[in-house]
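Here the structure comes first, spelled out in structure tokens, and everything after it is commentary.
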Amino acid sequence: MTEWSSNLNPTQFKAVTHRTGPLLVAAGPGTGKTRVLSYRIGHLIKTGDAKPDQMLAMTFTNQAAKEISERVFRLLNTELSSGCVNNGQKVPKISTFHGWALEFLKQTLQEAARLPIDEKDAKDICQEAAKKLRLSNTKPKVLQERVSRAKQYYPPRLTEDEDLTALIHVYHELLKKYGLWDYDDLLLEALRLFEHDEIREKFLRDFPFVLVDEFQDVSPVQYSLIKSMAKKNGNITVIGDPNQAIYGFRGASPEFMHYFKTDFEDVETVVLDTVYRCPQIFLDAATSLIKDRSAVRLKSVKDKTPKIRIKPFEDPVDEANWVARTIEQIVGGLSFVSLDSGTAGGNTLRSLSDVAVIFRAKVLGNPVAQALSKQGIPFQRADTPDPLAQKELRSIWRVWEILKGRNIQYHLLKLPGGKDLWNRKLFDLKPGFQDKDGPQLLSYIIDILDLDPNRPLLKALARAIKGNPHVNSLAVLLRNEADMLDINIEAVSLLSIHAAKGLEFPIVFLIGCESGIIPWKEADPEEERRLFYVGLTRASEEICLSHVKHRRLFGQMMHGGPSTLIADIPQNLLIKEKAKKTRVPQRPRQQRLF
DNA sequence: TACTCGAGTGTTTTT
DNA sequence: CACTCGAGTA
């Protein structure tokens, strides 16, 4: 315990050691949210207040669940070795909302539980439903989005739209026929189960300690779930930052943070306001954007407070080239702030992984990606497409699922070539597949799908499986491989602001700071402010906001001028730089290999 | 059933 | 611009 408290500041300590009853932790950017969450779990175990398997911690992403698990286990292991905790093999359940819901449904409904499908299959089924109804608009993507949007509410919010009502009805009939649930159903069905008193009572007995991460991002359904998961005076901890609520477009609302205080009884509120990440000026700029400047003033522990640089450019290519050149100089050993100003730079040696370029919409990353490749600077983008959207991989995955005995009927139906063919093909060979390992399964699948195993895509897949021979879910493996933005890799990161949430980088370029881009035209202006807030608080040392005069977006010329949000920041926190007339000649710095 | 081509359309994203 | 989707053709 003593070692623990030495790692925590007083407010963190208060949140970690809070004993019983509802707890709301308002945690600004870089205030040690994950630390508090994992320490709290560890602390509850250590004091004996909770048995490990009485705890459920819920996150939004697998990544977050993994991170927290790792920290908790690291914490407990250290404690274990010093003999403080007597650990049974029981462990706290740390899982995503959806992951927990699926398990809960399986456990409660047994064989009556259906099988989950991903978004792509949901689109297909939406389309099937729309065709049945002869709706005029049958775009699967649009339909699925509208259906999913409605299903963020319980009961699903059907508005006045009759088409949507009918569509959802038929869509649900189809899902029922196939024995499937979409992602939204997992949460909705879990919520439905909680309407049965005996089921809810059992849950309350099983999990008297519930913790929720990124609480500001909960949807109405998730909020209802949370309310069902604890008594009004129960041991429920929620942690989040209302100023970083940027998922309104999928039904989340920062309001739930306020509701929590009245929906539960005697809520203890702890505000984490000591920021370990950002310099004070970045924090002041960020908070100045938020309307109800909630009495909280974030305080940075950093002594250096560089100002925020504002850089104007003519067009996206200028902007991108400047970013690329500047990065090159940074990793060359010159400090960022002193560039252009003639001062000799500090000697901080930067690595490419210290740098992120972030932006409001993914397309804005393209010119930067081009400029970086031209300069031979390695970079990684977070926005890799879902690998399972690719045809071959999807077929491979379907056969894999069939051989693993999951969702067989539906996958047979969807495989190219048709059900009968595949029934025949798979029939003879199925026995004994339980024992085959990943690589064997894959080569078998490639064989019966008649694919060329030497294609780079399949070779990469084979490599991924080889590193993970006992993988059960190919989907999880593929998606992890694909969108894992590897922080340790020696490369610049290109990310949307959304994708950057939760991350930090010493040096951040926030590009495309123009009105119409951020704030995005026709978007909730308050949420746009929070987005900018998130963007500004990603940097731990230096940040530069840039804007251009003209930008071609979706084939249309935009000239919104510098973002109105920049004008809303107290100007003494900014250094505005003049546009440079001189266009630096393109020098090919590094020959590309091919 | 499988592929090509042109019209249409645009934020952000997890499960 | 760049991509997706679906109509149309083989």
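Ordered as shown in the structure tokens, chains take letters A, B, and onward, while each chain numbers its residues from 1 and ligands are numbered from 1 in the order shown.
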Using only C-alpha atoms (C1' of nucleotides), tabulate the residues of chain A lying at most 9 Å from any atom of chain C, each with its closest atom pair and that distance in Å to one decimal, by chain and increasing residue number, as a Markdown table.
| residue | atom | partner | partner_atom | distance |
| --- | --- | --- | --- | --- |
| A:Lys139 | CA | C:DC5 | C1' | 7.6 |
| A:Pro140 | CA | C:DC5 | C1' | 9.0 |
| A:Arg552 | CA | C:DC1 | C1' | 8.4 |
| A:Leu553 | CA | C:DC1 | C1' | 7.7 |
| A:Phe554 | CA | C:DC1 | C1' | 5.8 |
| A:Gly555 | CA | C:DC1 | C1' | 5.2 |
| A:Gln556 | CA | C:DC1 | C1' | 8.9 |
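Proximity to chain B at a cut-off of 7 Å picks out Phe60, Thr61, His98, Tyr183, Ala361, His498 and Phe554 of chain A on chain A, counting only C-alpha atoms (C1' of nucleotides).
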Limited to C-alpha atoms, could you put the picked residues into a file as a short mmCIF file (atom, residue, chain, number, x, y, z; two decimals), in the first residue's frame?
data_model
loop_
_atom_site.label_atom_id
_atom_site.label_comp_id
_atom_site.auth_asym_id
_atom_site.auth_seq_id
_atom_site.Cartn_x
_atom_site.Cartn_y
_atom_site.Cartn_z
CA PHE A 60 -15.10 0.46 -25.38
CA THR A 61 -12.21 -1.10 -27.25
CA HIS A 98 -19.82 -5.98 -26.37
CA TYR A 183 -23.34 -5.67 -32.49
CA ALA A 361 -10.96 14.01 -41.64
CA HIS A 498 -10.74 10.67 -33.20
CA PHE A 554 -14.09 16.03 -52.46
#
Mind listing the alpha helix (DSSP H) residues of range 319-522 of chain A, per DSSP on the backbone, as an MDAnalysis selection string?
chainID A and resid 319:331 365:374 391:403 408:414 419:427 438:448 456:466 474:483 497:500
Quick one, how far is CA of Val267 in chain A from CA of Lys90 in chain A?
29.0 Å
Could you go through range 185-382 of chain A and tell me which residues DSSP, when run on the backbone, assigns to strand (DSSP E), listing them as a PyMOL selection string?
chain A and resi 209-212+235-240+268-272+274-275+299-300+308-313+355-359+379-381
Once you have the residues from the selection above, write them out as a compact mmCIF listing (two decimals), in the first residue's frame, restricted to N, CA and C atoms.
# COMPACT_ATOMS: atom_id res chain seq x y z
N PHE A 209 -18.95 -5.13 -7.92
CA PHE A 209 -18.06 -4.00 -8.22
C PHE A 209 -17.96 -3.83 -9.73
N VAL A 210 -18.46 -2.69 -10.19
CA VAL A 210 -18.43 -2.42 -11.63
C VAL A 210 -17.66 -1.14 -11.88
N LEU A 211 -16.83 -1.17 -12.89
CA LEU A 211 -16.07 0.04 -13.26
C LEU A 211 -16.23 0.31 -14.75
N VAL A 212 -16.35 1.56 -15.10
CA VAL A 212 -16.55 1.91 -16.50
C VAL A 212 -15.52 2.96 -16.94
N ASN A 235 -21.54 -0.28 -5.77
CA ASN A 235 -20.12 0.04 -5.93
C ASN A 235 -19.79 0.20 -7.40
N ILE A 236 -20.20 1.32 -7.91
CA ILE A 236 -19.95 1.55 -9.32
C ILE A 236 -19.06 2.76 -9.50
N THR A 237 -18.00 2.54 -10.28
CA THR A 237 -17.05 3.61 -10.56
C THR A 237 -17.11 3.94 -12.03
N VAL A 238 -17.33 5.21 -12.34
CA VAL A 238 -17.23 5.62 -13.74
C VAL A 238 -16.16 6.68 -13.85
N ILE A 239 -15.41 6.61 -14.94
CA ILE A 239 -14.31 7.55 -15.11
C ILE A 239 -14.32 8.08 -16.53
N GLY A 240 -14.14 9.37 -16.69
CA GLY A 240 -14.19 9.93 -18.03
C GLY A 240 -14.00 11.43 -18.01
N GLU A 268 -19.92 10.05 -4.93
CA GLU A 268 -18.68 10.74 -4.58
C GLU A 268 -18.02 11.18 -5.90
N THR A 269 -17.64 12.44 -5.97
CA THR A 269 -17.00 12.92 -7.19
C THR A 269 -15.55 13.28 -6.92
N VAL A 270 -14.68 12.77 -7.75
CA VAL A 270 -13.27 13.12 -7.63
C VAL A 270 -12.83 13.73 -8.95
N VAL A 271 -12.17 14.85 -8.87
CA VAL A 271 -11.70 15.52 -10.09
C VAL A 271 -10.19 15.40 -10.17
N LEU A 272 -9.72 14.78 -11.22
CA LEU A 272 -8.28 14.71 -11.44
C LEU A 272 -7.87 15.90 -12.29
N THR A 274 -4.54 17.34 -12.13
CA THR A 274 -3.09 17.48 -12.30
C THR A 274 -2.67 16.75 -13.57
N VAL A 275 -2.17 17.51 -14.50
CA VAL A 275 -1.89 16.97 -15.83
C VAL A 275 -0.40 16.68 -15.98
N LYS A 299 -4.11 21.73 -14.14
CA LYS A 299 -2.79 22.26 -13.80
C LYS A 299 -1.70 21.31 -14.30
N SER A 300 -0.80 21.88 -15.05
CA SER A 300 0.27 21.06 -15.60
C SER A 300 1.43 20.98 -14.61
N ILE A 308 1.74 27.91 -28.58
CA ILE A 308 1.18 27.13 -29.68
C ILE A 308 1.49 27.84 -30.99
N ARG A 309 2.11 27.13 -31.90
CA ARG A 309 2.46 27.77 -33.17
C ARG A 309 1.28 27.70 -34.13
N ILE A 310 1.07 28.81 -34.81
CA ILE A 310 0.05 28.85 -35.85
C ILE A 310 0.75 29.16 -37.17
N LYS A 311 0.59 28.27 -38.14
CA LYS A 311 1.30 28.43 -39.41
C LYS A 311 0.33 28.49 -40.58
N PRO A 312 0.37 29.56 -41.34
CA PRO A 312 -0.48 29.65 -42.52
C PRO A 312 0.24 29.14 -43.78
N PHE A 313 -0.52 28.57 -44.68
CA PHE A 313 0.04 28.11 -45.96
C PHE A 313 -0.90 28.44 -47.10
N VAL A 355 6.51 11.89 -33.26
CA VAL A 355 5.77 12.88 -34.04
C VAL A 355 4.44 12.31 -34.53
N ALA A 356 3.39 13.12 -34.40
CA ALA A 356 2.11 12.76 -34.99
C ALA A 356 1.58 13.92 -35.80
N VAL A 357 0.97 13.58 -36.92
CA VAL A 357 0.24 14.57 -37.70
C VAL A 357 -1.22 14.20 -37.57
N ILE A 358 -2.03 15.11 -37.04
CA ILE A 358 -3.44 14.78 -36.82
C ILE A 358 -4.35 15.76 -37.54
N PHE A 359 -5.57 15.29 -37.83
CA PHE A 359 -6.47 16.08 -38.68
C PHE A 359 -7.91 15.65 -38.45
N PHE A 379 6.18 6.41 -42.27
CA PHE A 379 5.01 6.83 -41.48
C PHE A 379 4.02 5.69 -41.41
N GLN A 380 3.11 5.78 -40.44
CA GLN A 380 2.04 4.80 -40.35
C GLN A 380 0.72 5.53 -40.20
N ARG A 381 -0.31 4.97 -40.81
CA ARG A 381 -1.64 5.56 -40.73
C ARG A 381 -2.52 4.65 -39.90
